[in-house]
file work39.txt (compact mmCIF, C-alpha atoms)
# COMPACT_ATOMS: atom_id res chain seq x y z
CA MET R 1 0.00 0.00 0.00
CA LEU R 2 1.36 3.42 -0.89
CA ALA R 3 0.97 6.38 1.43
CA LEU R 4 -0.15 9.80 0.29
CA ASN R 5 2.45 12.01 -1.37
CA PHE R 6 2.78 14.63 1.34
CA GLN R 7 4.76 17.07 -0.77
CA SER R 8 1.57 17.86 -2.66
CA SER R 9 -0.77 17.75 0.35
CA ARG R 10 -0.67 21.28 1.69
CA ALA R 11 -4.30 21.17 2.80
CA VAL R 12 -3.82 17.98 4.81
CA ALA R 13 -0.78 19.38 6.59
CA THR R 14 -2.52 22.67 7.33
CA VAL R 15 -5.49 20.89 8.84
CA ALA R 16 -3.20 18.68 10.92
CA LEU R 17 -1.22 21.67 12.18
CA PHE R 18 -4.26 23.71 13.17
CA SER R 19 -5.81 20.64 14.81
CA VAL R 20 -2.81 20.56 17.10
CA LEU R 21 -2.95 24.29 17.82
CA LEU R 22 -6.71 24.59 18.30
CA GLY R 23 -6.94 21.38 20.29
CA GLY R 24 -4.76 22.76 23.06
CA CYS R 25 -2.17 20.02 22.58
CA VAL R 26 0.70 22.12 21.32
CA VAL R 27 3.21 21.07 23.96
CA ASN R 28 2.99 17.27 24.00
CA GLY R 29 0.23 16.42 21.54
CA THR R 30 -2.29 13.63 21.96
CA TYR R 31 0.07 10.66 21.79
CA PRO R 32 0.72 9.04 25.20
CA ASP R 33 4.14 7.49 25.74
CA ALA R 34 4.28 3.69 25.98
CA THR R 35 4.62 2.49 29.58
CA GLN R 36 6.36 -0.86 29.09
CA PRO R 37 9.74 -1.06 30.89
CA ASP R 38 11.36 -2.21 27.63
CA ALA R 39 9.61 0.38 25.46
CA ALA R 40 11.51 1.62 22.42
CA LYS R 41 12.54 5.28 22.28
CA LEU R 42 12.48 7.61 19.29
CA ARG R 43 13.78 11.14 18.71
CA PHE R 44 12.41 13.44 15.99
CA VAL R 45 14.86 16.15 14.91
CA THR R 46 14.23 19.00 12.48
CA SER R 47 14.98 22.68 12.00
CA MET R 48 12.06 23.18 9.63
CA GLN R 49 9.21 25.50 10.58
CA ASN R 50 5.82 24.18 11.77
CA SER R 51 6.98 20.57 12.03
CA THR R 52 4.90 17.74 13.46
CA PHE R 53 5.42 14.05 14.13
CA SER R 54 2.37 11.80 14.25
CA TYR R 55 1.62 8.21 15.24
CA PHE R 56 -0.85 5.92 13.44
CA ASP R 57 -1.93 2.33 13.98
CA ALA R 58 -5.04 0.21 13.40
CA ALA R 59 -6.75 1.82 16.41
CA HIS R 60 -5.73 5.38 15.47
CA CYS R 61 -6.28 5.85 11.74
CA ASP R 62 -6.61 9.62 12.15
CA GLY R 63 -3.32 9.77 13.99
CA GLN R 64 -2.05 10.99 17.34
CA THR R 65 0.19 14.05 17.54
CA THR R 66 3.35 14.48 19.62
CA GLY R 67 3.48 18.28 19.69
CA ALA R 68 4.71 21.03 17.39
CA LEU R 69 8.34 21.94 16.66
CA ASN R 70 9.74 25.27 15.49
CA ASN R 71 6.32 26.87 15.66
CA MET R 72 5.98 30.64 16.06
CA PHE R 73 3.21 30.19 18.65
CA THR R 74 5.08 27.81 20.96
CA SER R 75 8.40 27.49 22.74
CA ASP R 76 10.83 24.65 21.98
CA SER R 77 9.54 21.21 22.85
CA GLN R 78 10.65 19.78 26.18
CA ARG R 79 9.31 16.29 25.51
CA ARG R 80 12.12 13.92 26.50
CA VAL R 81 12.36 10.22 27.42
CA GLY R 82 16.00 9.88 28.52
CA MET R 83 17.64 8.43 25.42
CA SER R 84 21.17 7.11 25.86
CA VAL R 85 22.43 8.67 22.61
CA ALA R 86 22.73 12.46 22.53
CA PRO R 87 20.99 14.43 19.75
CA PRO R 88 23.06 15.68 16.80
CA ALA R 89 25.22 18.68 17.64
CA ASP R 90 23.34 20.86 15.14
CA ALA R 91 19.86 19.89 16.35
CA LYS R 92 17.79 23.09 16.63
CA ASP R 93 14.76 21.47 18.20
CA TYR R 94 13.64 17.93 18.82
CA LEU R 95 11.20 15.79 20.76
CA GLU R 96 11.39 12.25 22.11
CA ILE R 97 8.69 9.62 22.63
CA LYS R 98 8.35 6.03 23.81
CA LEU R 99 6.88 3.39 21.48
CA LYS R 100 5.30 0.04 22.26
CA PRO R 101 7.83 -2.67 21.36
CA ASP R 102 7.01 -5.34 18.77
CA GLN R 103 3.91 -3.44 17.62
CA ASP R 104 3.45 -2.16 14.07
CA ALA R 105 3.15 1.59 13.76
CA TYR R 106 2.98 4.11 10.93
CA LEU R 107 4.85 7.34 11.69
CA LEU R 108 4.57 10.64 9.84
CA ALA R 109 7.18 13.41 9.91
CA GLN R 110 6.16 16.59 8.14
CA ALA R 111 6.66 20.36 8.06
CA GLY R 112 4.06 22.85 6.85
CA GLY R 113 4.30 26.13 5.04
CA TYR R 114 3.52 27.23 1.52
CA SER R 115 4.46 23.71 0.44
CA VAL R 116 4.55 20.53 2.48
CA CYS R 117 7.67 18.48 3.13
CA GLY R 118 7.61 15.12 4.83
CA SER R 119 7.06 11.41 4.62
CA GLY R 120 5.30 8.57 6.40
CA PHE R 121 6.85 5.17 7.08
CA ASN R 122 6.22 1.90 8.89
CA LEU R 123 8.21 0.79 11.93
CA ARG R 124 8.01 -2.21 14.23
CA PRO R 125 10.19 -1.08 17.16
CA GLN R 126 12.42 -3.63 18.85
CA ARG R 127 12.41 -3.98 22.62
CA GLY R 128 14.67 -1.44 24.30
CA ALA R 129 15.84 -0.06 20.95
CA GLU R 130 16.43 3.62 20.21
CA TYR R 131 15.72 5.40 16.93
CA GLU R 132 16.23 8.84 15.43
CA VAL R 133 14.19 10.46 12.65
CA THR R 134 15.35 13.61 10.89
CA LEU R 135 13.50 15.84 8.45
CA LYS R 136 15.49 18.15 6.16
CA ALA R 137 14.84 20.10 2.99
CA GLY R 138 16.88 22.00 0.43
CA ARG R 139 16.56 23.25 -3.09
CA GLY R 140 14.57 20.61 -4.91
CA TYR R 141 14.57 17.94 -2.21
CA CYS R 142 12.77 16.89 0.96
CA LEU R 143 14.45 14.14 2.95
CA THR R 144 13.20 11.99 5.83
CA THR R 145 15.78 9.63 7.36
CA LEU R 146 15.50 6.91 9.98
CA GLN R 147 18.44 5.60 12.02
CA ARG R 148 18.90 3.01 14.74
CA VAL R 149 21.03 4.63 17.45
CA GLN R 150 23.01 2.93 20.19
CA ARG R 151 25.75 3.65 22.71
CA ILE R 152 28.62 1.19 22.19
CA ASP R 153 31.92 1.31 24.05
CA GLY R 154 31.32 4.93 25.01
CA LYS R 155 30.58 6.00 21.44
CA ASP R 156 27.34 7.04 19.76
CA VAL R 157 26.65 4.72 16.82
CA ARG R 158 24.04 5.52 14.15
CA MET R 159 22.94 2.86 11.68
CA PRO R 160 20.78 4.06 8.72
CA MET R 161 17.52 2.19 8.16
CA LEU R 162 15.39 2.03 5.02
CA LEU R 163 11.87 3.43 5.12
CA ASP R 164 8.99 1.01 4.61
CA ARG R 165 5.86 2.69 3.26
CA LYS R 166 3.18 0.00 3.47
CA GLY R 167 0.67 2.12 5.37
CA VAL R 168 -1.90 0.54 7.71
CA ALA R 169 -4.11 -2.10 6.10
CA ALA R 170 -6.93 -1.57 8.62
CA CYS R 171 -7.02 2.15 7.77
CA GLU R 172 -7.23 1.82 3.99
CA GLY R 173 -9.87 4.16 2.59
CA ARG R 174 -10.48 5.84 5.95
CA ASN R 175 -8.92 9.21 5.11
CA ALA R 176 -6.49 11.04 2.82
CA PHE R 177 -3.51 9.54 4.62
CA PHE R 178 -4.56 6.02 3.62
CA PRO R 179 -6.42 6.16 0.28
CA LYS R 180 -8.36 3.21 -1.09
CA VAL R 181 -6.18 1.13 -3.39
CA PRO R 182 -7.97 -0.12 -6.55
CA PRO R 183 -8.17 -3.92 -6.81
CA ALA R 184 -6.30 -5.83 -9.49
CA LEU R 185 -8.29 -6.70 -12.60
CA PRO R 186 -8.35 -10.31 -13.91
CA ASP R 187 -5.53 -11.32 -16.21
CA THR R 188 -6.22 -12.01 -19.89
CA PRO R 189 -3.70 -12.95 -22.60
CA HIS R 190 -4.00 -9.42 -24.04
CA ARG R 191 -3.49 -7.76 -20.66
CA VAL R 192 -0.52 -9.97 -19.78
CA THR R 193 1.12 -9.16 -23.12
CA LEU R 194 0.69 -5.41 -22.57
CA ILE R 195 1.96 -5.56 -18.98
CA ASP R 196 4.97 -7.62 -20.03
CA GLN R 197 5.69 -5.07 -22.77
CA ILE R 198 5.51 -2.12 -20.37
CA ILE R 199 7.73 -3.79 -17.78
CA GLY R 200 10.18 -5.14 -20.35
CA SER R 201 10.59 -1.74 -21.98
CA SER R 202 11.45 -0.20 -18.59
CA VAL R 203 14.30 -2.61 -17.86
CA ILE R 204 17.63 -1.25 -19.12
CA ALA R 205 20.90 -3.16 -19.38
CA SER R 206 22.32 -1.86 -16.08
CA MET R 207 19.35 -3.35 -14.20
CA LYS R 208 20.04 -6.90 -15.39
CA PRO R 209 22.32 -9.35 -13.51
CA ASP R 210 25.72 -10.04 -15.03
CA PRO R 211 26.06 -13.86 -15.21
CA ALA R 212 29.74 -13.58 -16.12
CA LYS R 213 30.66 -11.82 -12.88
CA PRO R 214 32.43 -14.18 -10.39
CA SER R 215 30.54 -14.67 -7.15
CA ILE R 216 33.20 -16.10 -4.84
CA SER R 217 36.38 -14.39 -3.68
CA ALA R 218 39.71 -15.80 -4.68
CA PRO R 219 41.32 -17.87 -1.88
CA ASP R 220 44.30 -15.53 -1.64
CA LYS R 221 41.99 -12.58 -1.05
CA LEU R 222 40.22 -14.42 1.75
CA ASP R 223 43.56 -15.48 3.24
CA LYS R 224 44.67 -11.86 3.32
CA LEU R 225 41.49 -10.70 5.08
CA ILE R 226 41.81 -13.45 7.68
CA THR R 227 45.51 -12.69 8.27
CA GLU R 228 44.71 -9.01 8.80
CA ARG R 229 41.93 -9.89 11.24
CA LYS R 230 44.19 -12.20 13.23
CA ALA R 231 46.77 -9.43 13.59
CA LYS R 232 44.15 -6.99 14.90
CA LEU R 233 42.79 -9.42 17.48
CA GLY R 234 46.10 -10.12 19.13
CA PHE R 235 44.96 -13.42 20.67
CA ALA R 236 44.50 -16.96 19.36
CA LEU R 237 41.19 -18.49 18.33
CA PRO R 238 40.52 -22.12 17.32
CA ASP R 239 40.68 -23.16 13.67
CA ASP R 240 36.91 -23.76 13.70
CA TYR R 241 36.42 -20.02 14.24
CA TRP R 242 38.46 -19.10 11.18
CA THR R 243 36.75 -21.77 9.07
CA LEU R 244 33.41 -20.23 9.99
CA TYR R 245 34.84 -16.74 9.36
CA ARG R 246 35.84 -17.79 5.83
CA GLN R 247 32.42 -19.36 5.18
CA ASN R 248 30.69 -16.16 6.30
CA LEU R 249 32.80 -14.02 3.95
CA ILE R 250 31.98 -16.31 1.03
CA ALA R 251 28.27 -16.29 1.92
CA PHE R 252 28.32 -12.48 2.04
CA GLU R 253 29.89 -12.17 -1.39
CA GLU R 254 27.48 -14.71 -2.86
CA ASP R 255 24.57 -12.75 -1.41
CA MET R 256 25.93 -9.50 -2.83
CA ALA R 257 26.36 -11.11 -6.25
CA ALA R 258 22.69 -12.15 -6.18
CA ASN R 259 21.44 -8.68 -5.25
CA LYS R 260 20.81 -7.47 -8.80
CA GLY R 261 18.65 -10.46 -9.59
CA GLU R 262 16.66 -10.05 -6.36
CA THR R 263 16.23 -6.31 -6.99
CA LEU R 264 14.94 -6.90 -10.51
CA LYS R 265 12.57 -9.60 -9.23
CA ARG R 266 11.02 -7.27 -6.63
CA TYR R 267 10.88 -4.40 -9.11
CA THR R 268 9.06 -6.54 -11.67
CA GLU R 269 6.60 -7.88 -9.09
CA GLU R 270 5.72 -4.39 -7.83
CA TYR R 271 5.36 -2.92 -11.33
CA ARG R 272 3.10 -5.81 -12.32
CA VAL R 273 0.86 -5.26 -9.27
CA ARG R 274 0.51 -1.56 -10.13
CA LEU R 275 -0.26 -2.25 -13.78
CA GLN R 276 -2.84 -4.92 -12.95
CA ARG R 277 -5.02 -2.15 -11.49
CA LEU R 278 -5.31 -0.41 -14.87
CA ASP R 279 -8.02 -1.23 -17.42
CA ASP R 280 -7.23 -2.44 -20.95
CA LYS R 281 -7.51 1.03 -22.50
CA GLN R 282 -5.01 2.49 -20.04
CA LEU R 283 -2.58 -0.38 -20.59
CA GLU R 284 -2.80 0.12 -24.36
CA GLN R 285 -2.02 3.81 -23.90
CA TRP R 286 0.87 3.06 -21.53
CA ALA R 287 2.51 0.37 -23.64
CA LEU R 288 5.88 1.45 -24.97
CA PRO R 289 7.17 0.72 -28.47
CA GLU R 290 9.87 -1.90 -28.83
CA ASP R 291 12.46 0.88 -29.06
CA LYS R 292 13.66 1.08 -25.44
CA SER R 293 15.11 4.54 -25.99
CA ALA R 294 11.61 5.94 -26.55
CA LYS R 295 9.72 7.50 -23.65
CA PRO R 296 6.00 7.02 -22.95
CA ALA R 297 3.92 9.64 -24.72
CA ASN R 298 1.12 9.35 -22.14
CA ALA R 299 1.78 11.78 -19.23
CA ALA R 300 0.48 9.38 -16.57
CA ALA R 301 2.54 6.54 -18.01
CA PHE R 302 5.67 8.69 -18.01
CA ALA R 303 5.04 9.72 -14.40
CA GLU R 304 4.76 6.06 -13.39
CA TYR R 305 7.81 5.22 -15.49
CA LYS R 306 9.84 7.76 -13.50
CA ALA R 307 8.32 6.62 -10.20
CA MET R 308 9.31 3.03 -10.93
CA ALA R 309 12.85 4.09 -11.82
CA ILE R 310 13.11 5.68 -8.36
CA TYR R 311 11.51 2.57 -6.85
CA TYR R 312 14.16 0.39 -8.48
CA PHE R 313 16.98 2.25 -6.74
CA GLN R 314 15.09 2.21 -3.45
CA ILE R 315 14.69 -1.56 -3.73
CA SER R 316 18.35 -1.91 -4.69
CA ASN R 317 19.33 -0.06 -1.53
CA ARG R 318 16.95 -2.15 0.55
CA VAL R 319 18.31 -5.43 -0.81
CA THR R 320 21.86 -4.25 -0.05
CA PHE R 321 20.87 -3.26 3.48
CA GLU R 322 19.26 -6.66 4.00
CA THR R 323 22.37 -8.42 2.73
CA VAL R 324 24.65 -6.41 5.01
CA GLY R 325 22.26 -7.05 7.91
CA ARG R 326 22.40 -10.81 7.40
CA HIS R 327 26.20 -10.63 7.22
CA LEU R 328 26.42 -8.63 10.45
CA GLU R 329 24.07 -11.07 12.15
CA ARG R 330 26.14 -14.09 11.09
CA MET R 331 29.37 -12.42 12.19
CA ALA R 332 27.85 -11.25 15.49
CA GLN R 333 26.59 -14.75 16.27
CA MET R 334 30.03 -16.15 15.45
CA ASP R 335 31.85 -13.73 17.77
CA GLN R 336 29.30 -14.32 20.52
CA GLN R 337 29.69 -18.08 20.17
CA TYR R 338 33.46 -17.83 20.60
CA GLY R 339 33.43 -15.09 23.28
CA VAL R 340 35.32 -12.59 21.13
CA CYS R 341 33.52 -9.46 22.37
CA ALA R 342 34.66 -10.08 25.95
CA ARG R 343 38.28 -9.70 24.79
CA TYR R 344 38.05 -7.35 21.81
CA SER R 345 35.92 -4.18 21.75
CA ASP R 346 35.89 -4.00 17.94
CA CYS R 347 34.21 -7.37 17.59
CA TRP R 348 31.42 -8.05 15.13
CA ARG R 349 28.06 -6.96 16.44
CA ASN R 350 24.67 -6.26 14.95
CA ILE R 351 23.22 -3.10 16.51
call {"tool": "encode", "arguments": {"input": "work39.txt", "output": "C-alpha cells"}}
result
Amino acid sequence: MLALNFQSSRAVATVALFSVLLGGCVVNGTYPDATQPDAAKLRFVTSMQNSTFSYFDAAHCDGQTTGALNNMFTSDSQRRVGMSVAPPADAKDYLEIKLKPDQDAYLLAQAGGYSVCGSGFNLRPQRGAEYEVTLKAGRGYCLTTLQRVQRIDGKDVRMPMLLDRKGVAACEGRNAFFPKVPPALPDTPHRVTLIDQIIGSSVIASMKPDPAKPSISAPDKLDKLITERKAKLGFALPDDYWTLYRQNLIAFEEDMAANKGETLKRYTEEYRVRLQRLDDKQLEQWALPEDKSAKPANAAAFAEYKAMAIYYFQISNRVTFETVGRHLERMAQMDQQYGVCARYSDCWRNI
C-alpha cells in the first residue's frame, strides 16, 4: 500500500497543524508514551518550521500528535524520554517519545508552510531499541531519514535504516492519509502481453544481472582478510572459528552477487501489481514501443515510469541493506559463540 504524497498535500498538513494548535495540545500532543519497561525510544529532529510528528496504527487511523516543533506560537519542545544517545550537535529542536515494542506503527514526519515536506513510514520497534528520525529540505529535495542509534563502548553509533511505506491495512480508505487502493483486474492474454511489454521496456541493461561476474572471492583474497583480522585481534582463536569466518565471507559475497537479480525480481513484481489495477484502455495507452530509448507519450505513463525508476533504486538499496544485515548477524553470532567481544571491543556486532 502506498501512502499519500505529502509534498503535494498542503491542505492535509494545514489541517493537521491547526488541529494541534486549536486542540490545546501544542506542547505534548495527543500521543501518550508507551509504559512498558522495555519500550523503544524515538527522537524526531528537524529545523524546519511548523513541524509535526504523528503516530498511526489500526486503532488510530486519524493519527495521534506528539506536539509542534519550530512553531511561532510555541516554545521549543521539552518532551524527553531519557535516550542514551545524545541528539546531533546541530539539532535546533527535537522531541522524544516512547513506542510500544514489537507493535506495528505508521509514523509521519512533516513540516508545513507554503508547500509541504515530509514522509510517512512503517516501523516495528524492537524492545529497548532507540531510533532517530530527521526531516530536512533544500533546493529541490525533501528528505526523511530513519536511524537506529546505540551507545557502544562509550561511542554514539548511528545505523541508517530504510523506510517502509506499506501504510496501515486496517485504515485503507479511511482518510487522505490512507487512500483506497484499486483492486487488481483479472488477467487475460492481451493484458498480460501489454503488462509484459511495459515492464520489459522499462528494464535497461544496467538493471540486469551479469552472469559472467564471479561470485566467490579468490582464496588468496580471503587469506589476506583473515591474516589481517588475526593481527588486529592479538589473541588466538581455534581453527573452527576461522573456518566459519571464511564461510561467512563467502556467503556475504554470494549474497551480494545475487542482489541485482533479487532487486529486478522485486521491481518486476511491484510494477506488475501496479499495472494490474489499470483497465485495458489504459494499458494500451501506456505500452511502450519496442524501441527502449523511446519514452512514454502518455503523461500518466511517463510519471509512473519515472516513479518506478526511483523505486528500483530504493529496492536496490533495501536489498543491499538486508544483505549487510544478514552478514552482520552471522558475524555477530560467530563472535558471541566464541566469546570474542569479551576480549576485543571491535568485535562483530549487529546493533
call {"tool": "residues_around", "arguments": {"input": "work39.txt", "residues": "Pro87 in chain R", "least_positions_apart": "3", "cutoff": "9 Å", "atoms": "only C-alpha atoms", "output": "list of chain:residue names"}}
result
R:Arg43, R:Val45, R:Met83, R:Asp90, R:Ala91, R:Tyr94, R:Glu132
call {"tool": "residues_around", "arguments": {"input": "work39.txt", "residues": "Met159 in chain R", "least_positions_apart": "4", "cutoff": "12 Å", "atoms": "all atoms listed in the file", "output": "list in words"}}
result
Glu130, Tyr131, Glu132, Val133, Thr145, Leu146, Gln147, Arg148, Val149, Gln150, Arg151, Phe321, Val324, Gly325, Asn350 and Ile351 of chain R
call {"tool": "residues_around", "arguments": {"input": "work39.txt", "residues": "Lys41 in chain R", "least_positions_apart": "3", "cutoff": "9 Å", "atoms": "all atoms listed in the file", "output": "list of chain:residue names"}}
result
R:Val81, R:Gly82, R:Met83, R:Glu96, R:Ile97, R:Lys98, R:Leu99, R:Lys100, R:Pro125, R:Gly128, R:Ala129, R:Glu130, R:Tyr131, R:Glu132
call {"tool": "residues_near_point", "arguments": {"input": "work39.txt", "point": "(-8.5, 5.1, 1.8)", "cutoff": "12 Å", "atoms": "only C-alpha atoms", "output": "JSON, numbers by chain"}}
result
{"R": [1, 2, 3, 4, 61, 62, 167, 168, 169, 170, 171, 172, 173, 174, 175, 176, 177, 178, 179, 180, 181, 182]}
call {"tool": "atom_distance", "arguments": {"input": "work39.txt", "atom1": "CA of Val85 in chain R", "atom2": "CA of Lys166 in chain R"}}
result
28.5 Å
call {"tool": "residues_around", "arguments": {"input": "work39.txt", "residues": "range 47-54 of chain R", "least_positions_apart": "2", "cutoff": "8 Å", "atoms": "all atoms listed in the file", "output": "mmCIF file with C-alpha atoms, in the coordinates of the input"}}
result
data_model
loop_
_atom_site.group_PDB
_atom_site.id
_atom_site.type_symbol
_atom_site.label_atom_id
_atom_site.label_comp_id
_atom_site.auth_asym_id
_atom_site.auth_seq_id
_atom_site.Cartn_x
_atom_site.Cartn_y
_atom_site.Cartn_z
ATOM 1 C CA LEU R 17 -1.220 21.670 12.180
ATOM 2 C CA TYR R 31 0.070 10.660 21.790
ATOM 3 C CA PHE R 44 12.410 13.440 15.990
ATOM 4 C CA VAL R 45 14.860 16.150 14.910
ATOM 5 C CA PHE R 56 -0.850 5.920 13.440
ATOM 6 C CA GLY R 63 -3.320 9.770 13.990
ATOM 7 C CA GLN R 64 -2.050 10.990 17.340
ATOM 8 C CA THR R 65 0.190 14.050 17.540
ATOM 9 C CA THR R 66 3.350 14.480 19.620
ATOM 10 C CA GLY R 67 3.480 18.280 19.690
ATOM 11 C CA ALA R 68 4.710 21.030 17.390
ATOM 12 C CA LEU R 69 8.340 21.940 16.660
ATOM 13 C CA ASN R 70 9.740 25.270 15.490
ATOM 14 C CA ASN R 71 6.320 26.870 15.660
ATOM 15 C CA MET R 72 5.980 30.640 16.060
ATOM 16 C CA ALA R 91 19.860 19.890 16.350
ATOM 17 C CA LYS R 92 17.790 23.090 16.630
ATOM 18 C CA ASP R 93 14.760 21.470 18.200
ATOM 19 C CA LEU R 107 4.850 7.340 11.690
ATOM 20 C CA LEU R 108 4.570 10.640 9.840
ATOM 21 C CA ALA R 109 7.180 13.410 9.910
ATOM 22 C CA GLN R 110 6.160 16.590 8.140
ATOM 23 C CA ALA R 111 6.660 20.360 8.060
ATOM 24 C CA GLY R 112 4.060 22.850 6.850
ATOM 25 C CA GLY R 113 4.300 26.130 5.040
ATOM 26 C CA LEU R 135 13.500 15.840 8.450
ATOM 27 C CA LYS R 136 15.490 18.150 6.160
ATOM 28 C CA ALA R 137 14.840 20.100 2.990
#
call {"tool": "atom_distance", "arguments": {"input": "work39.txt", "atom1": "CA of Thr30 in chain R", "atom2": "CA of Gln78 in chain R"}}
result
14.9 Å
call {"tool": "atom_distance", "arguments": {"input": "work39.txt", "atom1": "CA of Gly138 in chain R", "atom2": "CA of Pro160 in chain R"}}
result
20.1 Å
call {"tool": "build_atoms", "arguments": {"input": "work39.txt", "residues": "range 317-325 of chain R", "atoms": "all heavy atoms", "output": "PDB file, keeping the file's coordinate frame"}}
result
ATOM      1  N   ASN R 317      18.757  -0.417  -2.830  1.00  0.00           N
ATOM      2  CA  ASN R 317      19.330  -0.060  -1.530  1.00  0.00           C
ATOM      3  C   ASN R 317      18.824  -0.976  -0.430  1.00  0.00           C
ATOM      4  O   ASN R 317      19.576  -1.393   0.450  1.00  0.00           O
ATOM      5  CB  ASN R 317      18.989   1.393  -1.187  1.00  0.00           C
ATOM      6  CG  ASN R 317      19.744   2.388  -2.048  1.00  0.00           C
ATOM      7  OD1 ASN R 317      20.801   2.070  -2.585  1.00  0.00           O
ATOM      8  ND2 ASN R 317      19.202   3.582  -2.194  1.00  0.00           N
ATOM      9  N   ARG R 318      17.524  -1.285  -0.480  1.00  0.00           N
ATOM     10  CA  ARG R 318      16.950  -2.150   0.550  1.00  0.00           C
ATOM     11  C   ARG R 318      17.580  -3.544   0.504  1.00  0.00           C
ATOM     12  O   ARG R 318      17.925  -4.112   1.550  1.00  0.00           O
ATOM     13  CB  ARG R 318      15.431  -2.267   0.351  1.00  0.00           C
ATOM     14  CG  ARG R 318      14.782  -3.272   1.303  1.00  0.00           C
ATOM     15  CD  ARG R 318      13.282  -3.174   1.256  1.00  0.00           C
ATOM     16  NE  ARG R 318      12.841  -1.864   1.650  1.00  0.00           N
ATOM     17  CZ  ARG R 318      12.802  -1.431   2.918  1.00  0.00           C
ATOM     18  NH1 ARG R 318      13.182  -2.229   3.884  1.00  0.00           N
ATOM     19  NH2 ARG R 318      12.389  -0.229   3.197  1.00  0.00           N
ATOM     20  N   VAL R 319      17.719  -4.096  -0.683  1.00  0.00           N
ATOM     21  CA  VAL R 319      18.310  -5.430  -0.810  1.00  0.00           C
ATOM     22  C   VAL R 319      19.745  -5.428  -0.273  1.00  0.00           C
ATOM     23  O   VAL R 319      20.177  -6.363   0.405  1.00  0.00           O
ATOM     24  CB  VAL R 319      18.265  -5.900  -2.273  1.00  0.00           C
ATOM     25  CG1 VAL R 319      19.065  -7.187  -2.461  1.00  0.00           C
ATOM     26  CG2 VAL R 319      16.815  -6.125  -2.711  1.00  0.00           C
ATOM     27  N   THR R 320      20.493  -4.365  -0.566  1.00  0.00           N
ATOM     28  CA  THR R 320      21.860  -4.250  -0.050  1.00  0.00           C
ATOM     29  C   THR R 320      21.865  -4.175   1.465  1.00  0.00           C
ATOM     30  O   THR R 320      22.668  -4.843   2.129  1.00  0.00           O
ATOM     31  CB  THR R 320      22.559  -3.017  -0.645  1.00  0.00           C
ATOM     32  OG1 THR R 320      22.609  -3.143  -2.069  1.00  0.00           O
ATOM     33  CG2 THR R 320      23.979  -2.886  -0.112  1.00  0.00           C
ATOM     34  N   PHE R 321      20.963  -3.368   2.031  1.00  0.00           N
ATOM     35  CA  PHE R 321      20.870  -3.260   3.480  1.00  0.00           C
ATOM     36  C   PHE R 321      20.544  -4.619   4.108  1.00  0.00           C
ATOM     37  O   PHE R 321      21.100  -4.992   5.141  1.00  0.00           O
ATOM     38  CB  PHE R 321      19.804  -2.241   3.863  1.00  0.00           C
ATOM     39  CG  PHE R 321      20.324  -0.842   4.022  1.00  0.00           C
ATOM     40  CD1 PHE R 321      20.885  -0.182   2.947  1.00  0.00           C
ATOM     41  CD2 PHE R 321      20.262  -0.183   5.236  1.00  0.00           C
ATOM     42  CE1 PHE R 321      21.363   1.109   3.066  1.00  0.00           C
ATOM     43  CE2 PHE R 321      20.739   1.112   5.374  1.00  0.00           C
ATOM     44  CZ  PHE R 321      21.289   1.765   4.284  1.00  0.00           C
ATOM     45  N   GLU R 322      19.633  -5.343   3.481  1.00  0.00           N
ATOM     46  CA  GLU R 322      19.260  -6.660   4.000  1.00  0.00           C
ATOM     47  C   GLU R 322      20.443  -7.611   3.958  1.00  0.00           C
ATOM     48  O   GLU R 322      20.664  -8.401   4.886  1.00  0.00           O
ATOM     49  CB  GLU R 322      18.083  -7.217   3.200  1.00  0.00           C
ATOM     50  CG  GLU R 322      16.785  -6.476   3.419  1.00  0.00           C
ATOM     51  CD  GLU R 322      15.681  -6.950   2.486  1.00  0.00           C
ATOM     52  OE1 GLU R 322      15.954  -7.839   1.645  1.00  0.00           O
ATOM     53  OE2 GLU R 322      14.547  -6.441   2.589  1.00  0.00           O
ATOM     54  N   THR R 323      21.200  -7.553   2.869  1.00  0.00           N
ATOM     55  CA  THR R 323      22.370  -8.420   2.730  1.00  0.00           C
ATOM     56  C   THR R 323      23.418  -8.103   3.789  1.00  0.00           C
ATOM     57  O   THR R 323      23.978  -9.009   4.420  1.00  0.00           O
ATOM     58  CB  THR R 323      22.984  -8.249   1.324  1.00  0.00           C
ATOM     59  OG1 THR R 323      22.012  -8.614   0.346  1.00  0.00           O
ATOM     60  CG2 THR R 323      24.209  -9.134   1.154  1.00  0.00           C
ATOM     61  N   VAL R 324      23.685  -6.819   3.981  1.00  0.00           N
ATOM     62  CA  VAL R 324      24.650  -6.410   5.010  1.00  0.00           C
ATOM     63  C   VAL R 324      24.142  -6.813   6.395  1.00  0.00           C
ATOM     64  O   VAL R 324      24.914  -7.281   7.242  1.00  0.00           O
ATOM     65  CB  VAL R 324      24.894  -4.896   4.943  1.00  0.00           C
ATOM     66  CG1 VAL R 324      25.741  -4.431   6.129  1.00  0.00           C
ATOM     67  CG2 VAL R 324      25.582  -4.523   3.639  1.00  0.00           C
ATOM     68  N   GLY R 325      22.838  -6.664   6.624  1.00  0.00           N
ATOM     69  CA  GLY R 325      22.260  -7.050   7.910  1.00  0.00           C
ATOM     70  C   GLY R 325      22.440  -8.522   8.211  1.00  0.00           C
ATOM     71  O   GLY R 325      22.775  -8.902   9.339  1.00  0.00           O
TER      72      GLY R 325
END
